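Q: Sharing model.csv (CSV, C-alpha atoms) below.
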chain,number,residue,atom,x,y,z
A,106,MET,CA,-17.3,-32.9,9.6
A,107,ASP,CA,-17.2,-29.9,11.9
A,108,LYS,CA,-13.9,-30.8,13.6
A,109,PRO,CA,-11.2,-28.3,12.5
A,110,ALA,CA,-8.4,-29.7,10.4
A,111,ILE,CA,-5.8,-28.3,12.9
A,112,LEU,CA,-7.3,-30.8,15.4
A,113,GLY,CA,-7.3,-33.7,13.0
A,114,GLY,CA,-10.5,-33.0,11.0
A,115,VAL,CA,-10.8,-33.0,7.2
A,116,PRO,CA,-9.8,-29.7,5.6
A,117,VAL,CA,-12.5,-27.6,3.9
A,118,THR,CA,-10.5,-27.7,0.7
A,119,LYS,CA,-8.0,-30.2,-0.6
A,120,GLU,CA,-6.7,-27.6,-3.1
A,121,PRO,CA,-5.4,-24.7,-1.1
A,122,ILE,CA,-6.9,-21.3,-1.9
A,123,PRO,CA,-3.9,-18.9,-2.4
A,124,PHE,CA,-3.7,-15.5,-0.8
A,125,THR,CA,-3.3,-13.8,-4.1
A,126,LYS,CA,-2.7,-14.6,-7.8
A,127,ILE,CA,-1.1,-12.5,-10.5
A,128,ILE,CA,-3.3,-12.1,-13.6
A,129,MET,CA,-1.3,-11.9,-16.9
A,130,THR,CA,-2.5,-12.4,-20.4
A,131,ASN,CA,-1.1,-12.6,-23.9
A,132,ASP,CA,-1.1,-8.8,-24.0
A,133,GLU,CA,1.7,-8.6,-21.5
A,134,LYS,CA,3.6,-11.4,-23.1
A,135,LYS,CA,3.5,-9.8,-26.6
A,136,ALA,CA,4.6,-6.5,-25.1
A,137,VAL,CA,7.6,-8.1,-23.5
A,138,GLU,CA,8.5,-9.7,-26.8
A,139,ASP,CA,8.1,-6.3,-28.4
A,140,VAL,CA,10.6,-4.8,-26.0
A,141,ILE,CA,13.1,-7.7,-26.5
A,142,ARG,CA,12.9,-7.2,-30.3
A,143,SER,CA,13.4,-3.5,-30.0
A,144,LYS,CA,16.5,-3.9,-27.7
A,145,ILE,CA,15.4,-0.7,-25.9
A,146,PHE,CA,15.3,-1.6,-22.3
A,147,VAL,CA,15.2,1.8,-20.6
A,148,ASN,CA,13.3,5.0,-21.5
A,149,GLY,CA,11.5,3.5,-24.4
A,150,LYS,CA,8.0,4.0,-25.8
A,151,TYR,CA,6.3,1.9,-23.1
A,152,THR,CA,7.6,4.1,-20.3
A,153,LYS,CA,6.2,7.1,-22.1
A,154,MET,CA,2.9,5.4,-22.8
A,155,LEU,CA,2.5,4.2,-19.2
A,156,GLU,CA,3.2,7.6,-17.8
A,157,LYS,CA,0.8,9.3,-20.2
A,158,GLU,CA,-2.0,6.8,-19.6
A,159,PHE,CA,-1.5,6.7,-15.9
A,160,ALA,CA,-1.7,10.5,-15.6
A,161,ARG,CA,-4.9,10.4,-17.7
A,162,TYR,CA,-6.4,7.7,-15.6
A,163,ILE,CA,-5.7,9.5,-12.3
A,164,SER,CA,-6.6,12.9,-13.8
A,165,VAL,CA,-3.4,14.6,-13.0
A,166,LYS,CA,-0.9,16.5,-15.1
A,167,HIS,CA,2.1,14.3,-14.5
A,168,ALA,CA,3.0,10.6,-13.8
A,169,ILE,CA,6.6,9.7,-13.4
A,170,ALA,CA,7.5,6.0,-13.6
A,171,VAL,CA,10.3,4.9,-11.3
A,172,SER,CA,12.1,1.7,-10.1
A,173,ASN,CA,9.6,0.7,-7.3
A,174,GLY,CA,7.1,2.0,-4.8
A,175,THR,CA,9.6,2.6,-2.0
A,176,ASP,CA,11.7,4.7,-4.3
A,177,ALA,CA,8.6,6.6,-5.4
A,178,LEU,CA,8.0,7.6,-1.8
A,179,PHE,CA,11.7,8.5,-1.2
A,180,LEU,CA,11.9,10.6,-4.3
A,181,SER,CA,8.7,12.3,-3.4
A,182,TYR,CA,10.2,13.7,-0.2
A,183,LEU,CA,13.3,14.9,-2.0
A,184,ALA,CA,11.2,16.6,-4.7
A,185,LEU,CA,9.2,18.4,-2.0
A,186,GLY,CA,12.4,19.6,-0.3
A,187,ILE,CA,11.7,17.5,2.8
A,188,GLY,CA,15.0,16.6,4.5
A,189,PHE,CA,17.0,16.5,7.6
A,190,ASN,CA,15.1,17.0,10.8
A,191,ASP,CA,11.8,17.8,9.1
A,192,LYS,CA,8.9,16.0,10.7
A,193,VAL,CA,6.4,13.9,8.8
A,194,ILE,CA,3.2,12.5,10.4
A,195,THR,CA,2.2,9.1,9.3
A,196,THR,CA,0.6,5.8,10.3
A,197,PRO,CA,2.1,3.0,12.3
A,198,LEU,CA,-0.1,0.5,10.4
A,199,SER,CA,1.6,-0.1,7.1
A,200,PHE,CA,4.6,-1.8,5.4
A,201,ILE,CA,8.0,-0.4,6.6
A,202,ALA,CA,8.6,1.4,3.4
A,203,THR,CA,6.0,4.1,4.4
A,204,VAL,CA,8.3,5.0,7.3
A,205,SER,CA,11.8,4.0,6.1
A,206,SER,CA,11.4,6.3,3.0
A,207,ILE,CA,10.9,9.2,5.4
A,208,MET,CA,14.0,8.3,7.3
A,209,HIS,CA,16.1,7.9,4.2
A,210,SER,CA,15.2,11.4,3.3
A,211,GLY,CA,16.7,12.5,6.6
A,212,ALA,CA,13.3,13.4,8.0
A,213,ILE,CA,11.7,12.2,11.3
A,214,PRO,CA,8.5,10.0,11.4
A,215,ILE,CA,5.9,11.2,13.8
A,216,PHE,CA,3.2,8.5,14.4
A,217,ALA,CA,-0.5,9.3,14.8
A,218,ASP,CA,-3.2,6.7,15.6
A,219,VAL,CA,-5.6,5.1,13.2
A,220,LYS,CA,-9.4,4.6,13.0
A,221,LEU,CA,-11.1,1.3,13.4
A,222,ASP,CA,-10.9,0.8,9.6
A,223,GLY,CA,-7.1,1.0,9.9
A,224,ASN,CA,-6.7,4.4,8.1
A,225,LEU,CA,-4.9,7.3,9.7
A,226,ASP,CA,-7.2,9.2,12.1
A,227,PRO,CA,-7.5,12.9,11.4
A,228,ASP,CA,-8.4,13.6,15.0
A,229,SER,CA,-5.2,11.9,16.2
A,230,VAL,CA,-3.2,13.9,13.6
A,231,SER,CA,-4.8,17.1,14.9
A,232,GLN,CA,-3.5,16.4,18.4
A,233,VAL,CA,0.2,16.1,17.3
A,234,GLN,CA,2.1,18.8,19.1
A,235,ASP,CA,5.2,18.9,16.9
A,236,ASP,CA,5.6,21.3,14.1
A,237,PHE,CA,5.5,19.2,10.9
A,238,SER,CA,6.3,19.6,7.3
A,239,ALA,CA,4.1,16.9,5.8
A,240,ILE,CA,1.5,14.2,6.4
A,241,THR,CA,1.9,10.9,4.6
A,242,ILE,CA,-1.4,9.1,4.2
A,243,VAL,CA,-1.8,5.4,3.4
A,244,HIS,CA,-5.0,4.4,1.8
A,245,LEU,CA,-5.0,1.1,3.7
A,246,TYR,CA,-6.1,-2.0,1.9
A,247,GLY,CA,-7.5,0.1,-1.0
A,248,LYS,CA,-10.0,2.1,1.1
A,249,PRO,CA,-9.5,5.9,0.8
A,250,ALA,CA,-8.6,7.8,3.9
A,251,ASP,CA,-10.5,11.0,5.0
A,252,MET,CA,-8.9,13.3,2.5
A,253,ARG,CA,-11.2,16.3,3.1
A,254,ASP,CA,-10.1,16.4,6.7
A,255,PHE,CA,-6.4,15.9,6.0
A,256,LEU,CA,-6.4,18.6,3.3
A,257,GLN,CA,-7.8,21.0,5.9
A,258,ILE,CA,-5.2,20.1,8.5
A,259,ALA,CA,-2.4,20.4,6.0
A,260,HIS,CA,-3.7,23.8,4.9
A,261,GLU,CA,-3.8,25.0,8.5
A,262,HIS,CA,-0.2,23.9,9.1
A,263,ASN,CA,1.2,24.9,5.7
A,264,ALA,CA,2.2,21.2,5.3
A,265,TYR,CA,2.5,18.9,2.3
A,266,ILE,CA,0.2,15.9,1.7
A,267,ILE,CA,1.9,12.8,0.4
A,268,GLU,CA,-0.4,9.9,-0.6
A,269,ASP,CA,1.0,6.5,-0.2
A,270,ALA,CA,-1.3,4.9,-2.7
A,271,ALA,CA,0.5,1.5,-2.9
A,272,HIS,CA,-2.8,-0.3,-2.1
A,273,ALA,CA,-5.2,2.1,-3.9
A,274,HIS,CA,-4.9,2.0,-7.7
A,275,GLY,CA,-8.3,3.1,-8.9
A,276,ALA,CA,-9.8,3.9,-5.5
A,277,GLU,CA,-12.0,7.0,-5.3
A,278,TYR,CA,-12.9,9.7,-2.8
A,279,ASP,CA,-15.8,12.0,-3.5
A,280,GLY,CA,-15.7,10.7,-7.1
A,281,LYS,CA,-12.0,11.6,-7.7
A,282,LYS,CA,-9.2,9.1,-8.1
A,283,ILE,CA,-6.8,8.6,-5.2
A,284,GLY,CA,-3.5,10.0,-6.3
A,285,SER,CA,-5.0,13.3,-7.3
A,286,PHE,CA,-5.5,14.9,-3.9
A,287,GLY,CA,-2.1,15.4,-2.4
A,288,ASP,CA,0.9,17.5,-3.5
A,289,ILE,CA,2.3,14.1,-4.6
A,290,ALA,CA,1.3,10.5,-4.6
A,291,ALA,CA,3.3,7.3,-4.8
A,292,PHE,CA,2.1,4.0,-6.3
A,293,SER,CA,3.7,0.6,-6.2
A,294,LEU,CA,3.7,-1.9,-9.1
A,295,TYR,CA,5.0,-4.8,-7.0
A,296,PRO,CA,3.8,-8.3,-8.2
A,297,SER,CA,1.1,-8.6,-5.5
A,298,LYS,CA,-0.4,-5.2,-6.1
A,299,ILE,CA,-3.7,-4.5,-7.9
A,300,ILE,CA,-1.7,-4.0,-11.1
A,301,ALA,CA,1.8,-5.3,-11.4
A,302,ALA,CA,4.9,-4.7,-13.5
A,303,GLY,CA,6.2,-8.2,-13.6
A,304,GLY,CA,9.0,-7.3,-11.3
A,305,TRP,CA,9.3,-4.0,-9.4
A,306,GLY,CA,8.2,-0.6,-10.6
A,307,GLY,CA,6.4,2.4,-9.2
A,308,ILE,CA,4.7,5.6,-10.3
A,309,ILE,CA,4.6,9.1,-8.8
A,310,THR,CA,1.7,11.5,-9.6
A,311,THR,CA,1.5,15.2,-9.2
A,312,ASN,CA,-0.1,18.3,-10.7
A,313,ASN,CA,2.9,20.5,-10.0
A,314,ASP,CA,5.2,21.2,-13.0
A,315,GLU,CA,8.2,22.0,-10.9
A,316,ILE,CA,7.9,18.9,-8.8
A,317,SER,CA,7.6,16.8,-11.9
A,318,GLU,CA,10.8,18.2,-13.4
A,319,LYS,CA,12.6,17.6,-10.1
A,320,LEU,CA,11.4,14.0,-10.1
A,321,ARG,CA,12.6,13.3,-13.6
A,322,LEU,CA,16.1,14.7,-12.7
A,323,LEU,CA,16.2,12.8,-9.4
A,324,ARG,CA,15.3,9.4,-10.9
A,325,ALA,CA,18.1,9.8,-13.6
A,326,HIS,CA,21.3,11.0,-11.9
A,327,GLY,CA,20.3,14.6,-12.0
A,328,GLU,CA,21.4,14.8,-15.7
A,329,LEU,CA,20.1,17.8,-17.5
A,330,LYS,CA,19.5,15.9,-20.7
A,331,VAL,CA,16.3,14.3,-19.2
A,332,ILE,CA,14.6,17.7,-19.5
A,333,LYS,CA,16.6,19.5,-22.1
A,334,GLY,CA,17.6,16.8,-24.6
A,335,ALA,CA,20.7,14.9,-25.6
A,336,GLU,CA,22.9,18.0,-26.2
A,337,PHE,CA,23.0,18.4,-22.4
A,338,SER,CA,24.4,14.9,-21.8
A,339,TYR,CA,26.8,14.5,-18.9
A,340,GLN,CA,25.8,17.9,-17.5
A,341,TYR,CA,24.6,17.1,-13.9
A,342,ILE,CA,22.7,19.9,-12.2
A,343,ARG,CA,21.7,18.2,-8.9
A,344,LEU,CA,22.5,15.0,-7.0
A,345,GLY,CA,20.3,12.3,-8.4
A,346,TYR,CA,19.8,8.5,-8.3
A,347,ASN,CA,19.4,5.6,-10.7
A,348,MET,CA,15.7,4.9,-10.0
A,349,ARG,CA,14.2,4.4,-13.5
A,350,ILE,CA,11.7,1.7,-14.4
A,351,SER,CA,12.8,-0.9,-16.9
A,352,GLU,CA,11.0,-0.9,-20.3
A,353,ILE,CA,9.9,-4.5,-19.7
A,354,GLU,CA,8.2,-3.5,-16.4
A,355,ALA,CA,6.7,-0.5,-18.1
A,356,ALA,CA,5.3,-2.6,-20.9
A,357,ILE,CA,3.7,-5.1,-18.5
A,358,ALA,CA,2.3,-2.3,-16.3
A,359,TYR,CA,0.9,-0.4,-19.3
A,360,HIS,CA,-1.2,-3.4,-20.3
A,361,GLN,CA,-2.2,-4.1,-16.6
A,362,LEU,CA,-3.4,-0.5,-16.4
A,363,LYS,CA,-5.8,-1.2,-19.3
A,364,LYS,CA,-7.4,-4.0,-17.2
A,365,LEU,CA,-7.4,-2.0,-13.9
A,366,ASP,CA,-11.1,-1.1,-14.0
A,367,SER,CA,-12.1,-4.7,-14.7
A,368,PHE,CA,-9.8,-6.0,-11.9
A,369,ILE,CA,-11.5,-3.6,-9.5
A,370,LYS,CA,-15.0,-4.6,-10.6
A,371,VAL,CA,-14.1,-8.3,-9.9
A,372,ARG,CA,-12.5,-7.5,-6.6
A,373,ARG,CA,-15.4,-5.5,-5.4
A,374,SER,CA,-17.8,-8.2,-6.5
A,375,ALA,CA,-15.8,-10.9,-4.7
A,376,ALA,CA,-15.6,-8.8,-1.6
A,377,LYS,CA,-19.4,-8.3,-1.5
A,378,LYS,CA,-20.0,-12.0,-1.8
A,379,LEU,CA,-17.6,-12.7,1.1
A,380,THR,CA,-19.1,-10.0,3.2
A,381,ASP,CA,-22.6,-11.3,2.6
A,382,LEU,CA,-21.5,-14.8,3.7
A,383,LEU,CA,-19.7,-13.5,6.8
A,384,GLU,CA,-22.2,-11.0,8.0
A,385,ASN,CA,-23.5,-11.2,11.6
A,386,ILE,CA,-20.9,-13.7,12.9
A,387,PRO,CA,-20.2,-12.7,16.6
A,388,GLY,CA,-16.6,-11.6,17.1
A,389,ILE,CA,-15.8,-10.9,13.5
A,390,THR,CA,-15.6,-7.3,12.1
A,391,LEU,CA,-15.8,-7.0,8.4
A,392,PRO,CA,-14.4,-4.3,6.1
A,393,SER,CA,-16.6,-1.2,6.0
A,394,GLU,CA,-17.9,0.8,3.0
A,395,GLU,CA,-18.8,4.5,2.9
A,396,PRO,CA,-20.8,6.3,0.3
A,397,ASN,CA,-18.1,8.7,-0.8
A,398,LYS,CA,-15.3,6.1,-0.8
A,399,LYS,CA,-14.7,3.5,-3.5
A,400,HIS,CA,-12.9,0.7,-1.8
A,401,VAL,CA,-10.9,-1.4,-4.3
A,402,TYR,CA,-10.1,-4.3,-1.9
A,403,TYR,CA,-6.4,-4.7,-2.5
A,404,ILE,CA,-6.7,-6.7,0.8
A,405,TYR,CA,-9.9,-8.1,2.4
A,406,CYS,CA,-9.1,-7.7,6.1
A,407,ILE,CA,-11.3,-8.9,9.0
A,408,LEU,CA,-10.8,-8.4,12.7
A,409,ILE,CA,-11.3,-11.2,15.2
A,410,ASP,CA,-12.2,-10.6,18.8
A,411,PRO,CA,-10.6,-13.4,20.9
A,412,ASN,CA,-12.9,-12.6,23.8
A,413,ILE,CA,-16.0,-13.5,21.7
A,414,THR,CA,-14.7,-16.1,19.3
A,415,GLY,CA,-12.4,-18.0,21.7
A,416,TRP,CA,-9.5,-17.8,19.2
A,417,SER,CA,-6.4,-15.7,19.3
A,418,ARG,CA,-5.6,-14.1,16.0
A,419,ASN,CA,-2.4,-16.1,15.5
A,420,LYS,CA,-4.1,-19.5,16.2
A,421,PHE,CA,-7.1,-18.6,14.0
A,422,VAL,CA,-4.7,-17.9,11.1
A,423,GLU,CA,-2.9,-21.2,11.7
A,424,ALA,CA,-6.3,-23.0,11.8
A,425,LEU,CA,-7.4,-21.3,8.5
A,426,ASN,CA,-4.2,-22.4,6.9
A,427,ALA,CA,-4.8,-25.9,8.0
A,428,GLU,CA,-8.2,-25.8,6.3
A,429,GLY,CA,-6.5,-24.9,3.0
A,430,ILE,CA,-7.3,-21.1,3.3
A,431,CYS,CA,-4.0,-19.2,2.8
A,432,ALA,CA,-4.8,-16.4,5.3
A,433,ARG,CA,-2.2,-14.0,6.7
A,434,LYS,CA,-1.7,-12.1,10.0
A,435,GLY,CA,-1.3,-8.8,8.3
A,436,TYR,CA,0.6,-5.9,9.9
A,437,HIS,CA,0.8,-7.7,13.2
A,438,ILE,CA,3.6,-5.5,14.5
A,439,PRO,CA,2.9,-1.7,14.4
A,440,ILE,CA,5.9,0.0,13.0
A,441,HIS,CA,6.6,2.0,16.2
A,442,LYS,CA,6.9,-1.3,18.0
A,443,THR,CA,9.5,-2.8,15.7
A,444,ILE,CA,13.0,-3.4,16.8
A,445,LEU,CA,14.2,-0.8,14.3
A,446,MET,CA,12.1,2.0,15.8
A,447,GLN,CA,12.7,0.9,19.4
A,448,TYR,CA,16.5,1.3,18.7
A,449,VAL,CA,16.2,4.0,16.1
A,450,SER,CA,18.8,6.2,17.9
A,451,ASP,CA,21.4,3.4,17.8
A,452,PRO,CA,23.8,4.1,14.8
A,453,ARG,CA,24.3,0.3,14.5
A,454,LYS,CA,20.6,0.0,13.6
A,455,ASN,CA,20.2,3.3,11.8
A,456,HIS,CA,23.1,5.3,10.4
A,457,PHE,CA,21.0,8.5,10.3
A,458,ALA,CA,21.1,8.4,14.1
A,459,ARG,CA,24.5,10.0,13.8
A,460,ILE,CA,23.0,13.3,12.6
A,461,VAL,CA,19.2,13.1,13.4
A,462,ARG,CA,17.6,13.2,16.8
A,463,TYR,CA,14.5,11.0,16.9
A,464,PRO,CA,11.7,10.8,19.5
A,465,ASN,CA,11.7,7.9,22.0
A,466,TYR,CA,9.3,5.7,20.1
A,467,SER,CA,9.2,3.2,23.0
A,468,LYS,CA,7.0,5.7,24.9
A,469,THR,CA,4.6,6.1,21.9
A,470,SER,CA,1.1,4.8,22.7
A,471,LEU,CA,-1.3,4.3,19.8
A,472,PRO,CA,-4.1,2.2,21.3
A,473,THR,CA,-6.2,1.6,18.2
A,474,ALA,CA,-3.3,0.6,16.0
A,475,GLU,CA,-2.0,-1.7,18.6
A,476,LEU,CA,-5.5,-3.3,19.0
A,477,LEU,CA,-5.9,-3.8,15.3
A,478,ALA,CA,-2.4,-5.3,15.0
A,479,ASN,CA,-3.5,-8.1,17.4
A,480,ARG,CA,-6.8,-8.8,15.6
A,481,MET,CA,-6.4,-8.4,11.9
A,482,ILE,CA,-6.5,-11.3,9.4
A,483,TRP,CA,-6.1,-11.0,5.7
A,484,LEU,CA,-8.2,-13.4,3.6
A,485,PRO,CA,-7.6,-14.5,0.1
A,486,LEU,CA,-9.1,-12.2,-2.6
A,487,TYR,CA,-8.0,-11.7,-6.2
A,488,PRO,CA,-9.4,-11.4,-9.7
A,489,GLY,CA,-10.2,-15.0,-10.8
A,490,ILE,CA,-11.2,-16.2,-7.4
A,491,LYS,CA,-14.2,-18.6,-7.8
A,492,ASP,CA,-17.5,-18.4,-6.0
A,493,THR,CA,-16.9,-21.9,-4.7
A,494,GLU,CA,-13.6,-20.7,-3.2
A,495,ILE,CA,-15.3,-17.7,-1.5
A,496,GLU,CA,-17.8,-20.1,-0.1
A,497,LYS,CA,-15.1,-22.3,1.3
A,498,ILE,CA,-13.4,-19.4,3.0
A,499,ALA,CA,-16.7,-18.6,4.7
A,500,ILE,CA,-17.3,-22.2,5.6
A,501,ALA,CA,-13.9,-22.5,7.2
A,502,ILE,CA,-14.4,-19.4,9.3
A,503,LYS,CA,-17.8,-20.5,10.5
A,504,ARG,CA,-16.6,-24.0,11.2
A,505,LEU,CA,-13.7,-22.7,13.5
A,506,ILE,CA,-15.9,-20.4,15.4
A,507,LYS,CA,-18.7,-22.9,15.8
A,508,TRP,CA,-16.3,-25.5,17.1
A,509,ARG,CA,-14.7,-23.2,19.6
A,510,ASN,CA,-18.1,-22.0,20.9
A,511,ARG,CA,-19.1,-25.6,21.4
A,512,ASN,CA,-15.9,-26.6,23.1
A,513,ILE,CA,-14.9,-23.7,25.3
Before we go any further, please render this structure as structure tokens.
A:
Amino acid sequence: MDKPAILGGVPVTKEPIPFTKIIMTNDEKKAVEDVIRSKIFVNGKYTKMLEKEFARYISVKHAIAVSNGTDALFLSYLALGIGFNDKVITTPLSFIATVSSIMHSGAIPIFADVKLDGNLDPDSVSQVQDDFSAITIVHLYGKPADMRDFLQIAHEHNAYIIEDAAHAHGAEYDGKKIGSFGDIAAFSLYPSKIIAAGGWGGIITTNNDEISEKLRLLRAHGELKVIKGAEFSYQYIRLGYNMRISEIEAAIAYHQLKKLDSFIKVRRSAAKKLTDLLENIPGITLPSEEPNKKHVYYIYCILIDPNITGWSRNKFVEALNAEGICARKGYHIPIHKTILMQYVSDPRKNHFARIVRYPNYSKTSLPTAELLANRMIWLPLYPGIKDTEIEKIAIAIKRLIKWRNRNI
């Protein structure tokens, strides 16, 4: 019974445990039907309701719904006036959109290292020698970053704070919601996120009236009517884009938002059960909790030490999948190590290289990020996951480590 499935043993579960599941109810279905009946598919009542309720939930003055989380980041830079050859410090441990949105604005990503929990390290940011215009902070996996430190650094350098909150809907730092700390924050409503919009969708939050107005213009072709009314139709006052959320997506997201606190409660409960089952396993590092940070566990990420467990990360993920546990390798290539960034100055890879001079990222050394990228494993966790499924995840991990320790 202890023989791993990857070596011919019987899998821990016959029914695979998926990495994630989207939770939808009749509320979302009825809202979509309402939109179809109304035949208003853009800029309808649900977009306004979503923006109002999201701003209330985060405790900010403004929430602006847009086409997706990547566009939310891109428009944030434009609204802040960040552009060609400005420098933005950020993390190498994230999805590419965190960095590509900086580049699409014309700015230059400057990478700093991360802490052992994967979040950007304030000490590493403080050591950056370049003059910079902004710091983009990812609240990785739903655990808030050290906002007090970053706000101090930004103040000292007269720099903006952009929160990439794609993982962090409902997370809290010092009792305040993530998305309320920076000059601007960007949320994603992609299907796998804590709340979804049934397609794409994103939301930008800010307390700045001027930035909010710029964002509403930028997302809708720069047309004056979006802030002055229909009599100003076809009067364009700045270069803008078509980056609006659809009414169907807004309707789904609005009803998902109503469930957000319950989703978080279930995620945190499931994470605690998994942590309790996996505690004190040599070679396995579990997600950490801190008193002033409310972790919402968008992703439950463990680290595996191959020197202790006898498993490489890649082989361990493969073995878990064979057991019926749909684990993932996570961000296994730090962004500064990707082909894009290694050849970022080649116009065939990046057309901005014709007008922007980038650092030589091949010489960038970020030891902690590079270590984590080789050790991280994402485990299944979602609202609706059963206690029996959590137990099977733990059984599979223990089985693999026990087998390897016996057979090294």
Q: One number please: atom CA of Met348 of chain A to atom CA of Ser181 of chain A, in Å, one decimal.
A: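 A separation of 12.1 Å between them.
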Q: Have a look at atom CA of Ala335 of chain A and atom CA of Arg321 of chain A and let me know their distance in Å, one decimal.
A: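 The value is 14.6 Å.
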Q: Could you build a table of the residues in segment 194-214 of chain A lying no more than 9 Å from segment 239-261 of chain A, giving for each the nearest pair of atoms and their separation in Å rounded to one decimal place, using only C-alpha atoms, ordered by chain and ascending residue number, as a Markdown table?
A:
| residue | atom | partner | partner_atom | distance |
| --- | --- | --- | --- | --- |
| A:Ile194 | CA | A:Ile240 | CA | 4.7 |
| A:Thr195 | CA | A:Thr241 | CA | 5.0 |
| A:Thr196 | CA | A:Ile242 | CA | 7.2 |
| A:Leu198 | CA | A:Leu245 | CA | 8.3 |
| A:Ser199 | CA | A:Val243 | CA | 7.4 |
| A:Thr203 | CA | A:Thr241 | CA | 7.9 |
Q: Determine, counting all atoms listed in the file, which protein, DNA and RNA residues have an atom within 7 Å of an atom of segment 295-309 of chain A; residues of the same chain fewer than 3 positions away are not included. Present the result as a list in words.
A: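 Those residues are Thr125, Ile127, Ala168, Ile169, Ala170, Val171, Ser172, Asn173, Gly174, Ala177, His272, His274, Ile289, Ala290, Ala291, Phe292, Ile350, Glu354, Ala355, Ile357, Ala358, Gln361, Leu362, Leu365 and Tyr403 of chain A.
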Q: Have a look at atom CA of Gly275 of chain A and atom CA of Tyr402 of chain A and let me know their distance in Å, one decimal.
A: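 Atom CA of Tyr402 of chain A lies at a distance of 10.3 Å from atom CA of Gly275 of chain A.
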Q: Quick one: everything within 12 Å of Asn412 of chain A, counting all atoms listed in the file, minus sequence neighbours fewer than 6 positions away in the same chain. Send it as a list of chain:residue names.
A: A:Pro387, A:Gly388, A:Ile389, A:Arg418, A:Arg480, A:Ile506, A:Arg509, A:Asn510, A:Ile513
Q: Given all atoms listed in the file as the basis, pick out the residue of A:Leu183, A:Met481, A:Met208, A:Ile386 nearest to Ile409 of chain A.
A: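 Between A:Leu183, A:Met481, A:Met208, A:Ile386, the residue approaching Ile409 of chain A most closely is A:Met481.
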Q: Which polymer residues, protein or nucleic acid, are no farther than 10 Å from (1.8, -0.4, 20.8), counting only C-alpha atoms, as a PDB file with C-alpha atoms, in the coordinates of the input?
A:
ATOM      1  CA  PRO A 197       2.100   3.000  12.300  1.00  0.00           C
ATOM      2  CA  ILE A 438       3.600  -5.500  14.500  1.00  0.00           C
ATOM      3  CA  PRO A 439       2.900  -1.700  14.400  1.00  0.00           C
ATOM      4  CA  ILE A 440       5.900   0.000  13.000  1.00  0.00           C
ATOM      5  CA  HIS A 441       6.600   2.000  16.200  1.00  0.00           C
ATOM      6  CA  LYS A 442       6.900  -1.300  18.000  1.00  0.00           C
ATOM      7  CA  THR A 443       9.500  -2.800  15.700  1.00  0.00           C
ATOM      8  CA  TYR A 466       9.300   5.700  20.100  1.00  0.00           C
ATOM      9  CA  SER A 467       9.200   3.200  23.000  1.00  0.00           C
ATOM     10  CA  LYS A 468       7.000   5.700  24.900  1.00  0.00           C
ATOM     11  CA  THR A 469       4.600   6.100  21.900  1.00  0.00           C
ATOM     12  CA  SER A 470       1.100   4.800  22.700  1.00  0.00           C
ATOM     13  CA  LEU A 471      -1.300   4.300  19.800  1.00  0.00           C
ATOM     14  CA  PRO A 472      -4.100   2.200  21.300  1.00  0.00           C
ATOM     15  CA  THR A 473      -6.200   1.600  18.200  1.00  0.00           C
ATOM     16  CA  ALA A 474      -3.300   0.600  16.000  1.00  0.00           C
ATOM     17  CA  GLU A 475      -2.000  -1.700  18.600  1.00  0.00           C
ATOM     18  CA  LEU A 476      -5.500  -3.300  19.000  1.00  0.00           C
ATOM     19  CA  ALA A 478      -2.400  -5.300  15.000  1.00  0.00           C
ATOM     20  CA  ASN A 479      -3.500  -8.100  17.400  1.00  0.00           C
TER      21      ASN A 479
END
Q: Select, from A:Leu383, A:Ala276, A:Ala375, A:Ala136, the residue with the minimum atom-to-atom distance to Asn397 of chain A, counting only C-alpha atoms.
A: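 Of all the options, A:Ala276 lies closest to Asn397 of chain A.
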Q: With distances taken over all atoms listed in the file, which residue among A:Thr175, A:Cys406, A:Trp483, A:Ala217 lies nearest Ala270 of chain A?
A: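 Using all atoms listed in the file, Ala270 of chain A sits closest to A:Thr175.
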Q: Excluding Thr311 of chain A and any residue of its chain fewer than 3 positions from it, enumerate the residues within 9 Å of it, using only C-alpha atoms, and give them as a VMD selection string.
A: chain A and resid 160 165 to 169 284 to 290 314 316 to 317
Q: Between A:Asn455, A:Ser293, A:Asn426, A:Thr130, which one has atoms that come closest to Ala273 of chain A, using all atoms listed in the file?
A: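 When distances to Ala273 of chain A are compared using all atoms listed in the file, the smallest one comes from A:Ser293.
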Q: At the level of N, CA and C atoms, write segment 107-112 of chain A to a file as a compact mmCIF listing (two decimals), in the first residue's frame, please.
A:
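Result went into selection30.txt, see below:
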# COMPACT_ATOMS: atom_id res chain seq x y z
N ASP A 107 2.11 1.16 0.47
CA ASP A 107 2.93 2.36 0.56
C ASP A 107 3.67 2.68 -0.73
N LYS A 108 3.64 1.78 -1.70
CA LYS A 108 4.37 1.98 -2.94
C LYS A 108 3.73 3.11 -3.74
N PRO A 109 4.50 4.13 -4.15
CA PRO A 109 3.91 5.24 -4.91
C PRO A 109 3.30 4.79 -6.22
N ALA A 110 2.24 5.45 -6.63
CA ALA A 110 1.57 5.11 -7.88
C ALA A 110 2.48 5.30 -9.07
N ILE A 111 3.39 6.27 -9.00
CA ILE A 111 4.31 6.53 -10.11
C ILE A 111 5.25 5.34 -10.34
N LEU A 112 5.38 4.49 -9.31
CA LEU A 112 6.24 3.30 -9.42
C LEU A 112 5.41 2.01 -9.52
